[in-house]
2 protein chains.
Amino acid sequence: MTPVRNGRHLYNEVPTGFPEPGKTTIQDDSQTIELENVPLNGGILVKTLVVSIDPYMRGRMRDPSVKSYSPPYVIGEPLNNFGVGKVLRSETPKFKSGDHIYGILLFQEYNVVKDLAEFRLLENKEGLPWTVYVGVCGMPGQTAYYAWKEWSAAQKGEVAFVTAAAGPVGATVVQLAKADGCKVIASAGSDEKVAFVSSLGADAAFNYKTTNTSKVLQMEGPINIYWDNVGGETLEAAIEAAQPVSRFIECGMISQYNTKTPYPVKNITSIVSKQLRIYGFLVFSMHGKYREQFYAEMPRRVASGEIKYQEDIVRGLDKVGEAILDVQTGRNKGKKVIIVADD
Amino acid sequence: MTPVRNGRHLYNEVPTGFPEPGKTTIQDDSQTIELENVPLNGGILVKTLVVSIDPYMRGRMRDPSVKSYSPPYVIGEPLNNFGVGKVLRSETPKFKSGDHIYGILLFQEYNVVKDLAEFRLLENKEGLPWTVYVGVCGMPGQTAYYAWKEWSAAQKGEVAFVTAAAGPVGATVVQLAKADGCKVIASAGSDEKVAFVSSLGADAAFNYKTTNTSKVLQMEGPINIYWDNVGGETLEAAIEAAQPVSRFIECGMISQYNTKTPYPVKNITSIVSKQLRIYGFLVFSMHGKYREQFYAEMPRRVASGEIKYQEDIVRGLDKVGEAILDVQTGRNKGKKVIIVADD
């Protein structure tokens, strides 16, 4: 059989500020693969359908000497992240040809995967689009669902402030908070995003680029729960607006990822005086407690329309660099997904 | 009967930096009281034996328009804080003449107290000095005991870093951590304090004024538990030295109380990447859960010598101003206590 192209998107150099398409990462279409003969050594051959573009990927674009929770990307190698693939050939009883799987895939058109421990079979009885399984029914949805359940301690009538509320994590949190009877204040970075967030039920959605966050919190707060996706000045405003014994769920701090001069939060002593409870977390530490519950519940709630989502879909691995930059700058409109191939 | 002097220590003006004895607070010996005739209106007449000088008092010396957890001191009125008194006369069945009580007393030689809800009878079957009941067996001991039980989640072999470790809270935490099998790194502000902390069993006690905290943590850490009494640069160093899922118990930030330019902690994003769990708290919110357990246990452990303590005792209400400044600057040697009168 003729070899076919196995296009890849490679990590090329460590960025200092924002990642640059074509410089930080580059497309490489020089490799080929023989789909019928490539040795699997007990693994599977996967056709990549969807890969996810997430904010945390910026943290993997670092000097490998810097330790962090996720391994750094390796220069000259393909990027990798959560994706959905279709099994073309299998040498393991765990998956069979035609199955759809979810796990960390290399950013290339075809993957031979041997270590299958972290891969999950997607039954998708609900017939959802595969892209959803890297968004509201994948890692971002898990992030929202696990941590809200674990730490929000939400009481009916409490006020939750959700940042980056148009993103896949924030939008899910907004809906979970509303389902728990909270008043929701929600920030996003464009009027279009704000409209989406309002459509999810947020009580006070605002564009933080044109409206002062502290003033909104003063008017609509004080708050009991803060869902932090952004850090920096917004975290400071949330501390200022926090009621005693507020819960701060620290999911991310994207305002601080692309700068060398961190914002100096000036009211840290309020952590004591306001008795704040601050929970930094990474979703993968919480799979053991919540994953099965999540998969039993979330695809059903999404399919029924109870939980809404918004996607920003781009076709082709060569668009990865631009997509990563979009997510870091907030130009994306909903969950950024790359469709690599049709099913 | 002849009236007797009722000396008082008054709050005189809002300090901008460190409180100044004779300026921020002043002694006033102009008042008298008729011990046999003063009307009690259903309350008690108390002879003040001991009053406590604590770091948090600085927070009460503020412009009254600034909200915080504890009421501001009122200019021209006596200071107040935890103390031990002896009941001279009583018009309530709750206490009888000769009883010793613990609660918030005005800084004056005699108090007529009507609202007794928050006062506690001290039985003191162990025969401890009364000063101990404002220290290791009072609010500071409760602070250490409650929060360590609630949040340390200490595992044998874990590393705890305790700041202001020669103070009554820190010293108690050091001993609770050792009792739970932790390795204890402990900082204090003089070689004499360090010697005391070492005598409590701390494994790596150091003088933070002459030894670099980050270097100590690098050598003796990483840490799993941080007991914060100081905030600022030390908090930053603790974040840097923290293992994933470390617990930060935020008890106080004394390095930040007397400055208008808060230290800009630069590694706040590590709260997410290291999954830090940060617990700000105030001891009085936790009485319901732990107080009876504390009184059943702590005086006994102190009397047996299992839990050690150190006091810095001064005689006379006129020494309050200097004592407050000592505690804010760290010049005190152990729990600062004013003995107002002998039993």
# chains A, B, ... in the order shown; residues from 1 in each chain; ligands from 1
call {"tool": "closest_atom_pairs", "arguments": {"of": "chain B", "to": "chain A", "cutoff": "9 Å", "atoms": "only C-alpha atoms", "output": "tab-separated table"}}
result
residue	atom	partner	partner_atom	distance
B:Ser68	CA	A:Ser273	CA	6.8
B:Tyr69	CA	A:Ser273	CA	6.2
B:Gly231	CA	A:Thr269	CA	7.5
B:Gly232	CA	A:Ile268	CA	8.6
B:Pro244	CA	A:Tyr69	CA	8.5
B:Val245	CA	A:Phe281	CA	8.0
B:Glu250	CA	A:Val272	CA	5.8
B:Cys251	CA	A:Val272	CA	6.2
B:Gly252	CA	A:Val272	CA	6.2
B:Met253	CA	A:Thr269	CA	6.3
B:Gln256	CA	A:Thr269	CA	7.3
B:Tyr257	CA	A:Thr269	CA	8.5
B:Thr261	CA	A:Lys266	CA	8.2
B:Pro262	CA	A:Lys266	CA	5.9
B:Tyr263	CA	A:Lys266	CA	7.6
B:Pro264	CA	A:Pro264	CA	4.6
B:Val265	CA	A:Pro264	CA	6.3
B:Lys266	CA	A:Pro262	CA	5.9
B:Asn267	CA	A:Pro262	CA	7.7
B:Ile268	CA	A:Gly231	CA	8.4
B:Thr269	CA	A:Met253	CA	6.3
B:Ser270	CA	A:Gly280	CA	8.3
B:Ile271	CA	A:Gly280	CA	5.1
B:Val272	CA	A:Gly280	CA	4.3
B:Ser273	CA	A:Tyr69	CA	6.2
B:Lys274	CA	A:Gly280	CA	7.1
B:Gln275	CA	A:Gly280	CA	4.1
B:Leu276	CA	A:Gly280	CA	5.0
B:Arg277	CA	A:Tyr279	CA	4.8
B:Ile278	CA	A:Ile278	CA	4.8
B:Tyr279	CA	A:Arg277	CA	4.8
B:Gly280	CA	A:Gln275	CA	4.1
B:Phe281	CA	A:Gln275	CA	4.2
B:Leu282	CA	A:Gln275	CA	6.4
call {"tool": "write_last_selection", "arguments": {"atoms": "C-alpha atoms", "output": "tab-separated table (two decimals), in the first residue's frame"}}
result
chain	number	residue	atom	x	y	z
B	68	SER	CA	-12.52	44.26	59.66
B	69	TYR	CA	-13.32	41.18	61.71
B	231	GLY	CA	3.17	36.76	55.32
B	232	GLY	CA	5.09	38.79	52.77
B	244	PRO	CA	2.16	19.71	45.45
B	245	VAL	CA	-1.02	19.78	47.54
B	250	GLU	CA	-2.89	31.42	57.26
B	251	CYS	CA	-2.97	32.55	60.84
B	252	GLY	CA	-1.43	35.99	60.51
B	253	MET	CA	0.85	38.20	58.43
B	256	GLN	CA	2.43	43.40	56.64
B	257	TYR	CA	0.58	45.02	59.55
B	261	THR	CA	3.41	49.14	50.95
B	262	PRO	CA	2.48	45.46	51.02
B	263	TYR	CA	5.16	43.04	49.83
B	264	PRO	CA	4.33	41.92	46.27
B	265	VAL	CA	4.30	38.13	46.38
B	266	LYS	CA	5.55	37.12	42.95
B	267	ASN	CA	4.68	33.42	42.71
B	268	ILE	CA	0.95	33.46	43.28
B	269	THR	CA	0.34	31.43	40.10
B	270	SER	CA	1.93	28.49	41.92
B	271	ILE	CA	-1.27	28.26	43.96
B	272	VAL	CA	-2.73	26.59	40.88
B	273	SER	CA	0.26	24.68	39.55
B	274	LYS	CA	1.17	23.31	42.99
B	275	GLN	CA	-2.46	22.76	43.97
B	276	LEU	CA	-1.97	24.65	47.21
B	277	ARG	CA	-4.79	24.61	49.75
B	278	ILE	CA	-4.79	27.88	51.66
B	279	TYR	CA	-6.86	28.34	54.79
B	280	GLY	CA	-7.33	31.80	56.23
B	281	PHE	CA	-9.03	31.67	59.59
B	282	LEU	CA	-9.91	33.49	62.79
call {"tool": "select_by_dssp", "arguments": {"residues": "stretch 184-273 of chain B", "states": "strand (DSSP E or B)", "output": "ChimeraX atom specification"}}
result
/B:184-188,204-207,223-228,242-250
call {"tool": "write_last_selection", "arguments": {"atoms": "N, CA, C and O atoms", "output": "CSV table (one decimal), in the first residue's frame"}}
result
chain,number,residue,atom,x,y,z
B,184,VAL,N,10.1,19.5,61.6
B,184,VAL,CA,9.7,20.8,61.7
B,184,VAL,C,10.8,21.8,61.4
B,184,VAL,O,11.9,21.7,62.1
B,185,ILE,N,10.6,22.7,60.4
B,185,ILE,CA,11.5,23.8,60.2
B,185,ILE,C,10.8,25.0,60.9
B,185,ILE,O,9.6,25.2,60.7
B,186,ALA,N,11.6,25.8,61.6
B,186,ALA,CA,10.9,26.8,62.4
B,186,ALA,C,11.8,28.1,62.4
B,186,ALA,O,13.0,28.1,62.5
B,187,SER,N,11.1,29.2,62.1
B,187,SER,CA,11.9,30.5,62.1
B,187,SER,C,11.5,31.4,63.3
B,187,SER,O,10.3,31.4,63.7
B,188,ALA,N,12.5,32.2,63.7
B,188,ALA,CA,12.2,33.1,64.8
B,188,ALA,C,13.2,34.3,64.6
B,188,ALA,O,14.1,34.2,63.8
B,204,ALA,N,14.9,22.0,62.5
B,204,ALA,CA,15.7,23.0,61.9
B,204,ALA,C,15.2,24.4,62.2
B,204,ALA,O,14.4,25.0,61.5
B,205,ALA,N,15.6,24.9,63.4
B,205,ALA,CA,15.2,26.3,63.8
B,205,ALA,C,16.3,27.2,63.3
B,205,ALA,O,17.5,26.9,63.4
B,206,PHE,N,15.8,28.4,62.9
B,206,PHE,CA,16.8,29.4,62.4
B,206,PHE,C,16.3,30.8,62.6
B,206,PHE,O,15.1,31.1,62.8
B,207,ASN,N,17.3,31.7,62.7
B,207,ASN,CA,17.0,33.1,62.9
B,207,ASN,C,16.9,33.8,61.5
B,207,ASN,O,17.8,33.9,60.7
B,223,ILE,N,8.5,21.5,51.7
B,223,ILE,CA,7.5,21.5,52.8
B,223,ILE,C,6.2,20.9,52.3
B,223,ILE,O,5.8,21.0,51.2
B,224,ASN,N,5.4,20.4,53.3
B,224,ASN,CA,4.0,20.0,53.1
B,224,ASN,C,3.0,20.8,53.8
B,224,ASN,O,1.8,20.9,53.4
B,225,ILE,N,3.5,21.5,54.9
B,225,ILE,CA,2.6,22.3,55.7
B,225,ILE,C,3.3,23.6,56.0
B,225,ILE,O,4.5,23.6,56.4
B,226,TYR,N,2.6,24.7,55.8
B,226,TYR,CA,3.2,26.0,56.1
B,226,TYR,C,2.3,26.7,57.1
B,226,TYR,O,1.1,26.9,56.8
B,227,TRP,N,2.8,27.0,58.3
B,227,TRP,CA,2.0,27.8,59.3
B,227,TRP,C,2.5,29.2,59.2
B,227,TRP,O,3.6,29.5,59.5
B,228,ASP,N,1.6,30.0,58.6
B,228,ASP,CA,2.0,31.4,58.4
B,228,ASP,C,1.5,32.4,59.5
B,228,ASP,O,0.3,32.5,59.7
B,242,ALA,N,7.1,24.7,48.5
B,242,ALA,CA,5.9,23.8,48.7
B,242,ALA,C,5.9,22.6,47.8
B,242,ALA,O,6.1,22.8,46.6
B,243,GLN,N,5.6,21.5,48.3
B,243,GLN,CA,5.3,20.3,47.5
B,243,GLN,C,3.9,20.5,46.9
B,243,GLN,O,3.1,21.2,47.5
B,244,PRO,N,3.6,19.7,45.9
B,244,PRO,CA,2.2,19.7,45.5
B,244,PRO,C,1.2,19.4,46.6
B,244,PRO,O,1.5,18.6,47.5
B,245,VAL,N,0.1,20.0,46.6
B,245,VAL,CA,-1.0,19.8,47.5
B,245,VAL,C,-0.6,20.1,49.0
B,245,VAL,O,-1.0,19.4,49.9
B,246,SER,N,0.3,21.1,49.1
B,246,SER,CA,0.7,21.5,50.5
B,246,SER,C,-0.5,22.3,51.1
B,246,SER,O,-1.3,22.9,50.4
B,247,ARG,N,-0.5,22.2,52.4
B,247,ARG,CA,-1.6,23.0,53.2
B,247,ARG,C,-0.9,24.2,53.8
B,247,ARG,O,0.1,24.1,54.5
B,248,PHE,N,-1.5,25.4,53.5
B,248,PHE,CA,-1.0,26.7,54.0
B,248,PHE,C,-2.0,27.1,55.1
B,248,PHE,O,-3.2,27.5,54.7
B,249,ILE,N,-1.6,27.2,56.3
B,249,ILE,CA,-2.6,27.6,57.4
B,249,ILE,C,-2.2,29.1,57.6
B,249,ILE,O,-1.2,29.4,58.1
B,250,GLU,N,-3.2,30.0,57.2
B,250,GLU,CA,-2.9,31.4,57.3
B,250,GLU,C,-3.5,32.0,58.5
B,250,GLU,O,-4.6,32.4,58.6
call {"tool": "select_by_dssp", "arguments": {"residues": "stretch 113-150 of chain B", "states": "helix (DSSP H, G or I)", "output": "list in words"}}
result
Trp130, Thr131, Val132, Tyr133, Val134, Met139, Pro140, Gly141, Gln142, Thr143, Ala144, Tyr145, Tyr146, Ala147, Trp148, Lys149 and Glu150 of chain B
call {"tool": "residues_around", "arguments": {"residues": "A:Asn124", "least_positions_apart": "3", "cutoff": "10 Å", "atoms": "only C-alpha atoms", "output": "list in words"}}
result
His100, Leu121, Gly127, Leu128, Pro129, Trp130, Tyr133, Tyr295, Pro299 and Arg300 of chain A
call {"tool": "atom_distance", "arguments": {"atom1": "atom CA of B:Ala166", "atom2": "atom CA of B:Val197"}}
result
5.7 Å
call {"tool": "residues_around", "arguments": {"residues": "B:Lys94", "least_positions_apart": "6", "cutoff": "10 Å", "atoms": "only C-alpha atoms", "output": "MDAnalysis selection string"}}
result
chainID B and resid 43:44 116:117 119:121
call {"tool": "write_last_selection", "arguments": {"atoms": "N, CA, C and O atoms", "output": "CSV table (one decimal), in the first residue's frame"}}
result
chain,number,residue,atom,x,y,z
B,43,GLY,N,-24.7,42.2,86.9
B,43,GLY,CA,-23.4,41.7,86.4
B,43,GLY,C,-22.4,41.4,87.5
B,43,GLY,O,-22.9,41.0,88.6
B,44,ILE,N,-21.2,41.5,87.2
B,44,ILE,CA,-20.1,41.2,88.2
B,44,ILE,C,-19.1,42.3,88.3
B,44,ILE,O,-18.9,43.0,87.3
B,116,LEU,N,-22.1,38.7,80.0
B,116,LEU,CA,-21.2,37.6,80.5
B,116,LEU,C,-21.2,36.4,79.5
B,116,LEU,O,-20.6,35.4,79.8
B,117,ALA,N,-22.0,36.5,78.4
B,117,ALA,CA,-22.1,35.4,77.5
B,117,ALA,C,-20.8,34.8,77.1
B,117,ALA,O,-20.6,33.5,77.0
B,119,PHE,N,-17.9,35.0,78.7
B,119,PHE,CA,-16.9,34.7,79.8
B,119,PHE,C,-17.0,33.3,80.2
B,119,PHE,O,-18.0,32.7,80.2
B,120,ARG,N,-15.8,32.8,80.6
B,120,ARG,CA,-15.7,31.4,81.0
B,120,ARG,C,-15.1,31.3,82.4
B,120,ARG,O,-14.2,32.0,82.7
B,121,LEU,N,-15.7,30.4,83.2
B,121,LEU,CA,-15.1,30.1,84.5
B,121,LEU,C,-13.9,29.3,84.3
B,121,LEU,O,-13.9,28.3,83.6
call {"tool": "residues_around", "arguments": {"residues": "B:Asp342", "least_positions_apart": "3", "cutoff": "9 Å", "atoms": "only C-alpha atoms", "output": "list in words"}}
result
Thr48, Leu49, Val50 and Ile339 of chain B
call {"tool": "closest_residue", "arguments": {"among": "B:Leu176, B:Val113, B:Leu79, B:Val74", "to": "B:Arg301", "atoms": "only C-alpha atoms"}}
result
B:Leu176
call {"tool": "closest_residue", "arguments": {"among": "A:Cys182, A:Ala237, A:Ile338, A:Ile307", "to": "A:Glu322", "atoms": "only C-alpha atoms"}}
result
A:Ile338
